[in-house]
Every structure is written in C-alpha cells, then in structure tokens.
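Below is run_10.csv, which holds CSV, C-alpha atoms and all ligand atoms.
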chain,number,residue,atom,x,y,z
A,1,MET,CA,32.3,96.7,-11.0
A,2,SER,CA,35.1,97.7,-8.8
A,3,GLU,CA,34.0,101.4,-9.0
A,4,GLN,CA,30.5,100.3,-7.9
A,5,MET,CA,32.0,98.4,-5.0
A,6,THR,CA,33.9,101.6,-4.1
A,7,ARG,CA,30.6,103.5,-4.2
A,8,LEU,CA,29.0,101.0,-2.0
A,9,GLU,CA,31.8,101.1,0.4
A,10,GLN,CA,31.7,104.9,0.4
A,11,GLY,CA,28.0,104.8,1.0
A,12,LEU,CA,28.4,102.4,4.0
A,13,LEU,CA,31.2,104.7,5.4
A,14,HIS,CA,28.8,107.7,5.2
A,15,LEU,CA,26.1,105.7,6.8
A,16,ARG,CA,28.4,104.7,9.7
A,17,ARG,CA,29.6,108.2,10.2
A,18,PHE,CA,26.0,109.4,10.2
A,19,THR,CA,25.0,106.7,12.8
A,20,ASP,CA,28.0,107.6,14.9
A,21,ALA,CA,27.3,111.3,14.8
A,22,THR,CA,23.6,110.8,15.6
A,23,TYR,CA,24.5,108.5,18.5
A,24,ALA,CA,27.1,111.0,19.8
A,25,TYR,CA,24.5,113.8,19.6
A,26,LEU,CA,21.8,111.8,21.5
A,27,MET,CA,24.3,110.3,24.0
A,28,GLY,CA,25.8,113.8,24.5
A,29,ARG,CA,22.5,115.0,25.9
A,30,GLN,CA,22.4,112.2,28.4
A,31,VAL,CA,26.0,112.8,29.3
A,32,ASP,CA,25.3,116.5,30.0
A,33,GLU,CA,22.3,115.6,32.2
A,34,LEU,CA,24.2,112.9,34.1
A,35,ARG,CA,27.2,115.3,34.7
A,36,GLU,CA,24.8,117.9,36.2
A,37,ARG,CA,23.0,115.2,38.2
A,38,TRP,CA,26.3,114.0,39.7
A,39,ARG,CA,27.5,117.6,40.5
A,40,ARG,CA,24.3,118.0,42.7
A,41,THR,CA,24.7,114.5,44.1
A,42,GLN,CA,28.3,115.3,45.2
A,43,GLU,CA,27.1,118.5,46.8
A,44,LEU,CA,24.5,116.5,48.8
A,45,MET,CA,27.1,114.0,50.0
A,46,GLY,CA,29.2,116.9,51.3
A,47,GLU,CA,32.5,115.1,50.7
A,48,SER,CA,34.8,114.8,47.8
A,49,ILE,CA,34.3,111.7,45.6
A,50,ARG,CA,36.4,111.2,42.5
A,51,ARG,CA,35.0,109.3,39.6
A,52,VAL,CA,37.3,106.9,37.7
A,53,ASP,CA,36.7,104.9,34.5
A,54,LEU,CA,39.6,102.4,34.2
A,55,HIS,CA,39.0,100.8,30.8
A,56,SER,CA,38.7,102.3,27.3
A,57,HIS,CA,40.0,102.0,23.7
A,58,THR,CA,41.2,104.4,21.1
A,59,THR,CA,42.2,104.2,17.4
A,60,TYR,CA,45.5,102.8,18.6
A,61,SER,CA,43.6,99.5,18.9
A,62,ASP,CA,40.0,98.8,18.1
A,63,GLY,CA,38.4,102.1,19.3
A,64,THR,CA,36.9,104.7,16.9
A,65,ALA,CA,38.1,107.8,18.8
A,66,SER,CA,41.5,109.4,19.1
A,67,VAL,CA,43.2,109.9,22.5
A,68,ALA,CA,42.3,113.7,22.2
A,69,GLU,CA,38.7,112.9,21.5
A,70,MET,CA,38.5,110.5,24.4
A,71,ASP,CA,39.8,113.2,26.7
A,72,GLU,CA,37.2,115.6,25.3
A,73,TRP,CA,34.4,113.1,26.2
A,74,ARG,CA,36.0,112.5,29.6
A,75,GLN,CA,35.7,116.3,30.3
A,76,ARG,CA,32.2,116.3,29.1
A,77,THR,CA,31.2,113.5,31.4
A,78,GLY,CA,33.0,115.0,34.4
A,79,ILE,CA,34.8,111.8,35.0
A,80,ASP,CA,38.0,112.7,36.9
A,81,VAL,CA,40.3,109.9,35.6
A,82,LEU,CA,40.1,107.8,32.4
A,83,GLY,CA,42.2,104.7,31.7
A,84,ILE,CA,43.3,104.3,28.1
A,85,THR,CA,43.9,100.6,27.9
A,86,ASP,CA,44.4,99.5,24.3
A,87,HIS,CA,44.8,95.9,23.4
A,88,ASN,CA,48.3,94.4,23.6
A,89,THR,CA,50.0,97.8,22.9
A,90,LEU,CA,51.4,100.8,24.7
A,91,VAL,CA,51.8,103.0,21.6
A,92,GLN,CA,49.1,105.3,23.0
A,93,ALA,CA,51.3,106.2,26.0
A,94,ASP,CA,53.1,109.2,24.4
A,95,ASP,CA,49.8,110.7,23.2
A,96,CYS,CA,48.2,110.1,26.7
A,97,ARG,CA,51.0,112.0,28.5
A,98,ARG,CA,49.6,115.3,27.0
A,99,TYR,CA,46.4,114.8,29.0
A,100,PRO,CA,47.0,114.8,32.8
A,101,GLN,CA,43.7,113.1,33.6
A,102,LEU,CA,44.4,110.1,31.4
A,103,LEU,CA,45.9,107.0,32.9
A,104,VAL,CA,47.9,104.7,30.7
A,105,GLY,CA,47.2,101.0,30.8
A,106,GLU,CA,47.1,97.9,28.6
A,107,GLU,CA,44.4,95.3,28.1
A,108,VAL,CA,46.5,92.1,27.9
A,109,THR,CA,44.2,90.4,25.4
A,110,GLY,CA,44.6,86.6,25.3
A,111,GLU,CA,42.4,84.1,23.5
A,112,HIS,CA,40.1,83.4,26.5
A,113,HIS,CA,40.7,86.2,29.0
A,114,HIS,CA,41.4,89.9,29.0
A,115,VAL,CA,43.4,91.3,32.0
A,116,LEU,CA,44.2,95.0,32.5
A,117,ILE,CA,47.4,96.5,33.9
A,118,HIS,CA,47.6,100.2,34.8
A,119,PHE,CA,50.8,102.2,35.0
A,120,PRO,CA,52.7,99.3,33.3
A,121,GLU,CA,56.5,99.4,33.2
A,122,SER,CA,56.7,97.7,29.9
A,123,LEU,CA,54.5,96.0,27.3
A,124,ILE,CA,53.1,92.6,28.3
A,125,MET,CA,52.3,90.1,25.5
A,126,PRO,CA,49.5,87.6,26.2
A,127,VAL,CA,50.4,84.0,27.1
A,128,HIS,CA,46.7,83.0,26.5
A,129,GLN,CA,46.2,81.6,30.0
A,130,LEU,CA,44.6,83.6,32.8
A,131,ALA,CA,47.0,82.7,35.6
A,132,GLY,CA,49.9,83.5,33.3
A,133,GLU,CA,48.6,87.0,32.4
A,134,VAL,CA,48.0,87.7,36.1
A,135,GLU,CA,51.5,86.5,37.0
A,136,ASN,CA,53.2,88.7,34.4
A,137,ILE,CA,51.3,91.7,35.7
A,138,ARG,CA,52.2,91.0,39.3
A,139,ARG,CA,55.9,90.7,38.2
A,140,GLN,CA,55.7,94.4,37.5
A,141,GLN,CA,54.4,95.0,41.0
A,142,ARG,CA,50.9,95.9,39.7
A,143,ILE,CA,47.5,94.7,40.7
A,144,PRO,CA,45.7,92.9,37.8
A,145,LEU,CA,42.2,93.8,36.8
A,146,ILE,CA,40.2,90.9,35.4
A,147,ALA,CA,38.0,92.5,32.7
A,148,HIS,CA,34.5,91.2,31.9
A,149,PRO,CA,35.1,87.9,33.9
A,150,THR,CA,32.0,86.1,33.0
A,151,GLY,CA,31.2,87.3,29.4
A,152,TRP,CA,31.5,90.1,26.9
A,153,MET,CA,29.1,92.1,24.7
A,154,GLY,CA,26.1,90.4,26.3
A,155,ARG,CA,27.3,86.8,25.8
A,156,VAL,CA,28.1,84.7,28.9
A,157,TYR,CA,31.3,82.5,28.7
A,158,GLU,CA,31.3,78.8,29.0
A,159,ALA,CA,31.9,77.4,32.5
A,160,THR,CA,35.5,76.4,32.1
A,161,ARG,CA,36.5,79.9,31.2
A,162,ILE,CA,34.8,81.3,34.3
A,163,ASP,CA,36.4,78.5,36.4
A,164,ALA,CA,39.8,79.9,35.6
A,165,VAL,CA,38.9,83.1,37.6
A,166,ARG,CA,37.7,81.0,40.6
A,167,MET,CA,41.2,79.4,40.7
A,168,LEU,CA,43.0,82.8,41.2
A,169,SER,CA,44.4,83.9,44.5
A,170,GLY,CA,44.0,87.6,45.5
A,171,PRO,CA,44.3,90.4,45.6
A,172,PHE,CA,43.0,91.5,42.3
A,173,LEU,CA,40.5,93.9,40.8
A,174,MET,CA,37.6,92.6,38.8
A,175,GLU,CA,34.8,94.2,36.7
A,176,ILE,CA,31.3,93.6,38.1
A,177,ALA,CA,30.1,96.1,35.4
A,178,ASN,CA,31.3,96.5,31.9
A,179,GLY,CA,29.8,98.6,29.2
A,180,ALA,CA,31.3,97.1,26.0
A,181,GLY,CA,29.0,97.0,23.1
A,182,ASN,CA,26.0,98.5,24.9
A,183,TRP,CA,24.2,101.7,23.9
A,184,TYR,CA,23.1,104.4,26.5
A,185,ASP,CA,23.4,102.0,29.5
A,186,TYR,CA,26.1,99.6,30.4
A,187,ARG,CA,23.9,96.8,31.7
A,188,ASP,CA,23.4,93.4,30.2
A,189,SER,CA,23.3,89.7,31.5
A,190,THR,CA,27.1,89.5,31.8
A,191,ASP,CA,27.0,92.2,34.6
A,192,GLU,CA,24.6,90.2,36.6
A,193,SER,CA,26.7,87.0,36.3
A,194,ALA,CA,29.9,88.9,37.2
A,195,ARG,CA,28.2,90.1,40.4
A,196,GLY,CA,27.3,86.5,41.2
A,197,LEU,CA,30.9,85.5,40.7
A,198,TRP,CA,32.0,88.4,42.9
A,199,ASP,CA,29.8,87.2,45.8
A,200,GLU,CA,31.1,83.6,45.3
A,201,LEU,CA,34.8,84.8,45.5
A,202,LEU,CA,34.1,86.9,48.6
A,203,LEU,CA,32.5,83.8,50.2
A,204,ALA,CA,35.6,81.9,49.4
A,205,GLY,CA,37.6,84.6,51.3
A,206,ILE,CA,39.4,86.0,48.2
A,207,PRO,CA,40.2,89.7,48.4
A,208,VAL,CA,38.7,91.0,45.2
A,209,ILE,CA,38.0,94.7,44.6
A,210,ALA,CA,35.0,95.4,42.4
A,211,THR,CA,35.2,97.9,39.6
A,212,GLY,CA,32.8,99.1,36.9
A,213,ASN,CA,34.2,100.5,33.6
A,214,SER,CA,32.8,101.6,30.3
A,215,ASP,CA,35.2,99.6,28.1
A,216,ALA,CA,34.3,102.4,25.7
A,217,HIS,CA,35.2,101.8,22.1
A,218,ARG,CA,33.5,105.1,21.1
A,219,GLY,CA,34.0,108.5,22.7
A,220,ALA,CA,30.4,108.8,23.6
A,221,ASN,CA,30.5,105.7,25.9
A,222,VAL,CA,33.1,107.1,28.3
A,223,GLY,CA,31.7,107.0,31.8
A,224,LEU,CA,28.7,104.7,31.1
A,225,VAL,CA,29.6,103.2,34.4
A,226,TRP,CA,32.4,104.3,36.8
A,227,ASN,CA,34.1,103.9,40.2
A,228,GLY,CA,33.4,106.4,43.0
A,229,VAL,CA,36.4,106.9,45.2
A,230,PRO,CA,36.0,109.0,48.4
A,231,THR,CA,39.2,111.0,48.3
A,232,ALA,CA,40.2,114.7,48.0
A,233,ALA,CA,43.3,113.7,46.0
A,234,GLU,CA,43.5,115.2,42.5
A,235,ASP,CA,46.5,113.4,41.0
A,236,PRO,CA,45.3,110.3,39.0
A,237,GLY,CA,48.0,108.2,40.6
A,238,ALA,CA,46.9,109.1,44.1
A,239,ILE,CA,43.2,108.5,43.2
A,240,TYR,CA,44.1,105.1,41.7
A,241,GLN,CA,45.9,104.2,44.9
A,242,ALA,CA,42.8,105.2,46.9
A,243,LEU,CA,40.7,103.0,44.7
A,244,LEU,CA,43.1,100.1,45.3
A,245,SER,CA,42.4,100.3,49.0
A,246,GLY,CA,38.9,99.0,48.3
A,247,CYS,CA,37.0,101.9,49.8
A,248,GLY,CA,35.0,102.8,46.7
A,249,PHE,CA,31.8,101.9,44.9
A,250,VAL,CA,30.7,101.0,41.4
A,251,SER,CA,27.9,103.2,40.0
A,252,ASN,CA,26.0,104.6,37.0
A,253,GLY,CA,24.1,107.1,39.2
A,254,PRO,CA,23.9,107.2,43.0
A,255,ALA,CA,26.7,107.7,45.5
A,256,VAL,CA,27.2,105.4,48.5
A,257,VAL,CA,29.7,105.7,51.2
A,258,VAL,CA,29.7,103.1,54.0
A,259,SER,CA,31.5,102.5,57.3
A,260,ALA,CA,31.5,99.7,59.8
A,261,ASP,CA,32.5,100.5,63.4
A,262,GLY,CA,33.9,103.7,62.0
A,263,MET,CA,36.1,101.9,59.4
A,264,ALA,CA,36.0,102.2,55.6
A,265,PRO,CA,35.6,99.0,53.5
A,266,GLY,CA,38.6,97.3,52.0
A,267,SER,CA,41.6,95.4,53.1
A,268,PRO,CA,42.8,94.3,55.5
A,269,ALA,CA,39.9,92.2,56.7
A,270,ILE,CA,38.3,93.3,59.9
A,271,VAL,CA,37.9,90.9,62.8
A,272,PRO,CA,34.4,91.6,63.9
A,273,GLN,CA,32.8,91.8,67.3
A,274,ARG,CA,29.4,90.1,67.8
A,275,GLN,CA,27.6,93.2,66.6
A,276,LEU,CA,28.7,95.6,63.9
A,277,ALA,CA,27.6,99.2,63.6
A,278,LEU,CA,27.0,99.8,59.9
A,279,HIS,CA,26.6,103.4,58.6
A,280,ILE,CA,25.3,104.0,55.0
A,281,ARG,CA,25.3,107.4,53.5
A,282,THR,CA,23.7,107.6,50.0
A,283,ALA,CA,22.6,110.3,47.7
A,284,ASP,CA,21.2,110.9,44.2
A,285,SER,CA,19.9,114.3,43.2
A,286,ALA,CA,17.4,112.4,40.9
A,287,GLY,CA,16.0,110.6,43.9
A,288,LEU,CA,16.6,107.3,45.7
A,289,ALA,CA,14.4,104.3,45.7
A,290,ARG,CA,15.9,101.4,47.8
A,291,TRP,CA,18.9,100.3,49.8
A,292,ARG,CA,20.0,96.7,50.5
A,293,VAL,CA,22.7,95.1,52.6
A,294,VAL,CA,24.1,91.9,51.1
A,295,GLY,CA,25.9,89.4,53.4
A,296,ASP,CA,27.6,86.4,51.8
A,297,GLY,CA,25.4,86.9,48.7
A,298,SER,CA,22.0,87.1,50.4
A,299,THR,CA,19.9,90.0,51.5
A,300,VAL,CA,20.4,90.8,55.1
A,301,GLN,CA,18.3,93.9,55.4
A,302,GLU,CA,16.7,96.3,53.0
A,303,GLY,CA,14.6,99.4,53.0
A,304,ASP,CA,12.8,102.1,51.1
A,305,CYS,CA,14.4,105.5,50.5
A,306,GLY,CA,11.0,107.1,49.7
A,307,GLY,CA,12.4,109.2,46.9
A,308,LYS,CA,14.7,111.2,49.2
A,309,THR,CA,17.8,112.7,47.6
A,310,LEU,CA,20.0,112.1,50.7
A,311,LEU,CA,19.7,109.3,53.2
A,312,ASP,CA,21.7,108.1,56.3
A,313,VAL,CA,21.0,104.6,57.5
A,314,ASN,CA,22.4,103.2,60.8
A,315,LEU,CA,22.2,99.5,61.4
A,316,ASP,CA,23.4,97.0,64.0
A,317,LEU,CA,24.2,93.8,62.2
A,318,PRO,CA,25.1,90.4,63.6
A,319,ALA,CA,28.7,89.6,63.0
A,320,GLY,CA,31.1,86.7,63.6
A,321,HIS,CA,29.6,84.3,61.2
A,322,VAL,CA,29.5,86.3,58.0
A,323,ARG,CA,32.5,86.7,55.6
A,324,SER,CA,31.4,90.0,54.0
A,325,TYR,CA,28.8,92.7,54.0
A,326,ARG,CA,28.3,95.0,51.0
A,327,VAL,CA,25.6,97.6,50.2
A,328,GLU,CA,23.5,98.2,47.0
A,329,ILE,CA,21.5,101.3,46.2
A,330,VAL,CA,18.8,101.8,43.5
A,331,SER,CA,17.8,105.2,42.5
A,332,SER,CA,14.3,106.3,41.4
A,333,ASP,CA,15.1,105.7,37.7
A,334,GLY,CA,16.7,102.3,38.3
A,335,ARG,CA,20.3,103.4,38.3
A,336,GLN,CA,22.4,101.5,40.8
A,337,ALA,CA,25.5,101.7,43.1
A,338,PHE,CA,27.4,98.8,44.6
A,339,SER,CA,29.7,99.5,47.6
A,340,ASN,CA,32.9,97.4,47.9
A,341,PRO,CA,32.6,95.0,50.8
A,342,PHE,CA,33.7,94.8,54.4
A,343,ARG,CA,35.5,91.5,54.6
A,344,PHE,CA,35.8,89.7,57.9
A,345,SER,CA,38.3,87.2,59.2
A,346,LEU,CA,36.3,84.4,60.8
A,347,GLN,CA,37.2,82.6,64.0
A,348,SER,CA,37.5,79.4,61.9
A,349,ASP,CA,40.2,81.1,59.8
A,350,VAL,CA,42.5,81.6,62.8
B,401,ZN,ZN,38.2,93.0,26.7
B,402,ZN,ZN,38.5,96.4,26.5
Entire entry expressed as structure tokens:
Amino acid sequence: MSEQMTRLEQGLLHLRRFTDATYAYLMGRQVDELRERWRRTQELMGESIRRVDLHSHTTYSDGTASVAEMDEWRQRTGIDVLGITDHNTLVQADDCRRYPQLLVGEEVTGEHHHVLIHFPESLIMPVHQLAGEVENIRRQQRIPLIAHPTGWMGRVYEATRIDAVRMLSGPFLMEIANGAGNWYDYRDSTDESARGLWDELLLAGIPVIATGNSDAHRGANVGLVWNGVPTAAEDPGAIYQALLSGCGFVSNGPAVVVSADGMAPGSPAIVPQRQLALHIRTADSAGLARWRVVGDGSTVQEGDCGGKTLLDVNLDLPAGHVRSYRVEIVSSDGRQAFSNPFRFSLQSDV
C-alpha cells in the first residue's frame, strides 16, 4: 500500500513538473513578446524609464523557483529591478547579493495583513496587527508597502480587514495591482477594489504611492505587472528612491508620463492655481486605445487615442477644489497603465 502511495505521489509530482514546464514554455513566449514590445515603447517615449517589480517569492519561503532562477526570469522579462520578498525571513539575502539587480526585502506576513519592507536592517516578525507591522517597518526608517490591501488570489477581504488600511496615516506604498495566483495576466476583482480604496485614501488626503507587483511564486510570473519609473539611474537603490518620490506609474503594457504646470507627480502636494496645465505623454508600440483623467475618483476628461503608438495630450483643468488628479491609459489589447497622482493642498486645509 505504502509503495502504491509513493507511486501516486511520484505521479503527481511528475504531473506538476509537466504543468509547470508547459506553463513556463507558454508564458515564456508572452514574456519575450512583451519585452520586445516594451523596448519599442521606451524608444517611442524618448526617455529612460526603469521597470521595477517589488514583490516576489523564492524557495526560501513558498515560491517554486530559486533566487538564481528568479534572476534569469527577471532578465528575460527585461525588468530592471526585482524585489525578493520572502515571508517572515531574510535567509534569501546572502543569495540575492550575487545578483546586482535583485533587491532584498521581506513580506511581514501576519494573520490578516501582509506588509513589505525593502532594504530591511533586520528581520521583522509579525505582530498580527496592521498598524503594528507598519510601525515596526517605520522604526527602521523605511516606507512600508501594503500588499494586496483589499484581497488576495481573487478573494476580496471582509470589511473590517480593509478598514484597518483606512486607519493608517501616510506616507506608505500600496499595491493597486497584484498578480498572485493569476496565470498570464495579473488582473482579478481584488485589483479593482484596491484601486477603489486608493481613490478613497487620496480623497481623504493621505499620501499613498500606488505600486503594481507580480507577487510571483513562480519564475514565469515575474513582471506580470510592474512600476515604471522615469529615471536614468541604474543602481537599484537609486531607482527605488525615485519610485518613492511618487513620479512613476503602474502598468502591464503602456507607458505614461505626466506633468502639471511642469512638475512631476508625487509629494509634496502642490498648491494649485485656478487652472492647471496637465501634460500627458503616453506610448505603447502595440497601439493605444483610450486615455482618462480621474479627479477624486471620477472621470474628469477622457479621449480616444485612435490606435496611435505615441500621443501627447495637453489639457487645462480646473483646480482649487480637487484633491488629486491621476491618469489612466488603455492600450489596443486592453493592457493598462495608471499614473501616480498629483495631490493638492486645498484652501480648506490651510
Ligand atoms: Zn502576501
Ligand atoms: Zn507575497
């Protein structure tokens, strides 16, 4: 009997390896296409944009790929910086140091919330309470990243769990896109609810920087979604610092770089005049479909991109009563980019 069980287990193991290998083969073709698509998109934009995926797992926790394999997939995707953020451990750190484009982090994994720290000074054990995890990360002078704030693997959390995020003060990073458990594409219902929460927090005046990360547990999922950071820096630490300024965007395809009255998005909040000159530059070598400006969670203006691969949009927007403006782009095949917001101090705040 026990020998039969062993055979069954061996059979299942073979099946799993076969499934993984088939997926990696199919995913690899998509990865190669997307890498080439991005190379041409970046050429169209005419400026240096680094791509960062802040969240992934290896065999040092519950991932299926080694650190070396994760770096191989990172290279194949063309992602510039990959965060290796295993659960409640830093044993991956020594291994990661052999790969200059990997960034060491930890996913502080409590019962109800997962919070990431990058460049940790030392291991943080979870206290199983969101405010506590955030405080312990800030004690190391780091900015916490709230992972999958409204749900995980396609399941939306109950309200009390999401309420804990609403109680936080800024600044913090938050995922508005998370790829965990998804095949070929990061998107599921939890990403939409995370974006709803993002708009809510911005309306409450909380400085939250949006990020999008694969949360890859398999090598083939590295870069399912990523952060575009307009910077010429090459060092992962410098690129990470640029991301922290809030000037970047979350994407799985198009590029979008915005400015308002000549300034990049991010902190500190701008005190607006009555009118704001918004400039949007967007590109996707596979073609652009639509652009949309979101103010305090609602569509302010939108337009057609007519399948162009590069588009500049100049808008004069009313200001003085809106807390934030952000921009969304949809490409011809439905891939999306979300710029980080311009946040405004209102007269009523003073
Ligand atoms: Zn998690
Ligand atoms: Zn994770």
Using only C-alpha atoms and all ligand atoms, which protein or nucleic acid residues are at most 12 Å from ligand ZN 401 (chain B), as a PyMOL selection string? chain A and resi 55-57+61-63+85-88+106-116+145-153+175+178-181+213-217
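Between CA of Val327 in chain A and CA of Val293 in chain A the separation is 4.5 Å.
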For Asp191 in chain A, the closest of A:Leu203, A:Gly28, A:Asn340, A:Val225 counting only C-alpha atoms is A:Val225
Gap from CA of Asn227 in chain A to CA of Leu317 in chain A - Å, one decimal: 26.2 Å
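Distances to ligand ZN 402 (chain B) were evaluated for A:Ile84, A:Gln129, A:Gln336, A:Arg139 using all atoms listed in the file, and the minimum falls at A:Ile84.
Using only C-alpha atoms, the smallest distance between any of A:Ala277, A:Ala220, A:Ile137, A:Val258 and Gln30 in chain A comes from A:Ala220.
Counting only C-alpha atoms, Gly205 in chain A has the following residues at most 12 Å away, ignoring those fewer than 6 positions along the same chain: Arg166, Leu168, Ser169, Gly170, Pro171, Trp198, Asp199, Ser267, Pro268, Ala269, Asp296, Val322, Arg323, Ser324, Pro341, Phe342, Arg343, Phe344, Ser345, Leu346, Ser348 and Asp349 of chain A.
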Rounded to one decimal in Å, what is the spacing between CA of Met27 in chain A and CA of Thr64 in chain A? 15.5 Å
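Proximity of A:Phe119, A:Trp38, A:Tyr186, A:Phe338 to Phe249 in chain A, computed with all atoms listed in the file, is greatest for A:Phe338.
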Spatial neighbours of range 260-265 of chain A, max dist 12 Å, all atoms listed in the file, sep filter under 4 positions, as a ChimeraX atom specification: /A:207-210,229-231,242-249,256,269-281,313-319,324-327,339-344
Output for the residues just chosen: C-alpha atoms as a compact mmCIF listing (two decimals), in the frame of the given file:
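Result file is result.txt:
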# COMPACT_ATOMS: atom_id res chain seq x y z
CA PRO A 207 40.20 89.70 48.40
CA VAL A 208 38.70 91.00 45.20
CA ILE A 209 38.00 94.70 44.60
CA ALA A 210 35.00 95.40 42.40
CA VAL A 229 36.40 106.90 45.20
CA PRO A 230 36.00 109.00 48.40
CA THR A 231 39.20 111.00 48.30
CA ALA A 242 42.80 105.20 46.90
CA LEU A 243 40.70 103.00 44.70
CA LEU A 244 43.10 100.10 45.30
CA SER A 245 42.40 100.30 49.00
CA GLY A 246 38.90 99.00 48.30
CA CYS A 247 37.00 101.90 49.80
CA GLY A 248 35.00 102.80 46.70
CA PHE A 249 31.80 101.90 44.90
CA VAL A 256 27.20 105.40 48.50
CA ALA A 269 39.90 92.20 56.70
CA ILE A 270 38.30 93.30 59.90
CA VAL A 271 37.90 90.90 62.80
CA PRO A 272 34.40 91.60 63.90
CA GLN A 273 32.80 91.80 67.30
CA ARG A 274 29.40 90.10 67.80
CA GLN A 275 27.60 93.20 66.60
CA LEU A 276 28.70 95.60 63.90
CA ALA A 277 27.60 99.20 63.60
CA LEU A 278 27.00 99.80 59.90
CA HIS A 279 26.60 103.40 58.60
CA ILE A 280 25.30 104.00 55.00
CA ARG A 281 25.30 107.40 53.50
CA VAL A 313 21.00 104.60 57.50
CA ASN A 314 22.40 103.20 60.80
CA LEU A 315 22.20 99.50 61.40
CA ASP A 316 23.40 97.00 64.00
CA LEU A 317 24.20 93.80 62.20
CA PRO A 318 25.10 90.40 63.60
CA ALA A 319 28.70 89.60 63.00
CA SER A 324 31.40 90.00 54.00
CA TYR A 325 28.80 92.70 54.00
CA ARG A 326 28.30 95.00 51.00
CA VAL A 327 25.60 97.60 50.20
CA SER A 339 29.70 99.50 47.60
CA ASN A 340 32.90 97.40 47.90
CA PRO A 341 32.60 95.00 50.80
CA PHE A 342 33.70 94.80 54.40
CA ARG A 343 35.50 91.50 54.60
CA PHE A 344 35.80 89.70 57.90
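Using all atoms listed in the file, the smallest distance between any of A:Glu158, A:Asp32, A:Asp53, A:Glu47 and ligand ZN 402 (chain B) comes from A:Asp53.
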For Ala93 in chain A, which residue out of A:Glu121, A:Asp163, A:Glu135, A:Asp185 is the nearest one, using all atoms listed in the file? A:Glu121
Identify, on the basis of all atoms listed in the file, every residue whose closest approach to range 94-100 of chain A does not exceed 12 Å; exclude the query and any residue fewer than 2 positions from it along the same chain; express the result as a PDB file with C-alpha atoms, in the frame of the given file.
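For reference, result_19.pdb as written:
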ATOM      1  CA  HIS A  57      40.000 102.000  23.700  1.00  0.00           C
ATOM      2  CA  THR A  58      41.200 104.400  21.100  1.00  0.00           C
ATOM      3  CA  THR A  59      42.200 104.200  17.400  1.00  0.00           C
ATOM      4  CA  TYR A  60      45.500 102.800  18.600  1.00  0.00           C
ATOM      5  CA  SER A  66      41.500 109.400  19.100  1.00  0.00           C
ATOM      6  CA  VAL A  67      43.200 109.900  22.500  1.00  0.00           C
ATOM      7  CA  ALA A  68      42.300 113.700  22.200  1.00  0.00           C
ATOM      8  CA  GLU A  69      38.700 112.900  21.500  1.00  0.00           C
ATOM      9  CA  MET A  70      38.500 110.500  24.400  1.00  0.00           C
ATOM     10  CA  ASP A  71      39.800 113.200  26.700  1.00  0.00           C
ATOM     11  CA  GLU A  72      37.200 115.600  25.300  1.00  0.00           C
ATOM     12  CA  ARG A  74      36.000 112.500  29.600  1.00  0.00           C
ATOM     13  CA  GLN A  75      35.700 116.300  30.300  1.00  0.00           C
ATOM     14  CA  ASP A  80      38.000 112.700  36.900  1.00  0.00           C
ATOM     15  CA  VAL A  81      40.300 109.900  35.600  1.00  0.00           C
ATOM     16  CA  LEU A  82      40.100 107.800  32.400  1.00  0.00           C
ATOM     17  CA  GLY A  83      42.200 104.700  31.700  1.00  0.00           C
ATOM     18  CA  ILE A  84      43.300 104.300  28.100  1.00  0.00           C
ATOM     19  CA  THR A  85      43.900 100.600  27.900  1.00  0.00           C
ATOM     20  CA  ASP A  86      44.400  99.500  24.300  1.00  0.00           C
ATOM     21  CA  THR A  89      50.000  97.800  22.900  1.00  0.00           C
ATOM     22  CA  LEU A  90      51.400 100.800  24.700  1.00  0.00           C
ATOM     23  CA  VAL A  91      51.800 103.000  21.600  1.00  0.00           C
ATOM     24  CA  GLN A  92      49.100 105.300  23.000  1.00  0.00           C
ATOM     25  CA  LEU A 102      44.400 110.100  31.400  1.00  0.00           C
ATOM     26  CA  LEU A 103      45.900 107.000  32.900  1.00  0.00           C
ATOM     27  CA  VAL A 104      47.900 104.700  30.700  1.00  0.00           C
ATOM     28  CA  GLY A 105      47.200 101.000  30.800  1.00  0.00           C
ATOM     29  CA  PHE A 119      50.800 102.200  35.000  1.00  0.00           C
ATOM     30  CA  GLU A 234      43.500 115.200  42.500  1.00  0.00           C
ATOM     31  CA  ASP A 235      46.500 113.400  41.000  1.00  0.00           C
ATOM     32  CA  PRO A 236      45.300 110.300  39.000  1.00  0.00           C
ATOM     33  CA  GLY A 237      48.000 108.200  40.600  1.00  0.00           C
TER      34      GLY A 237
END
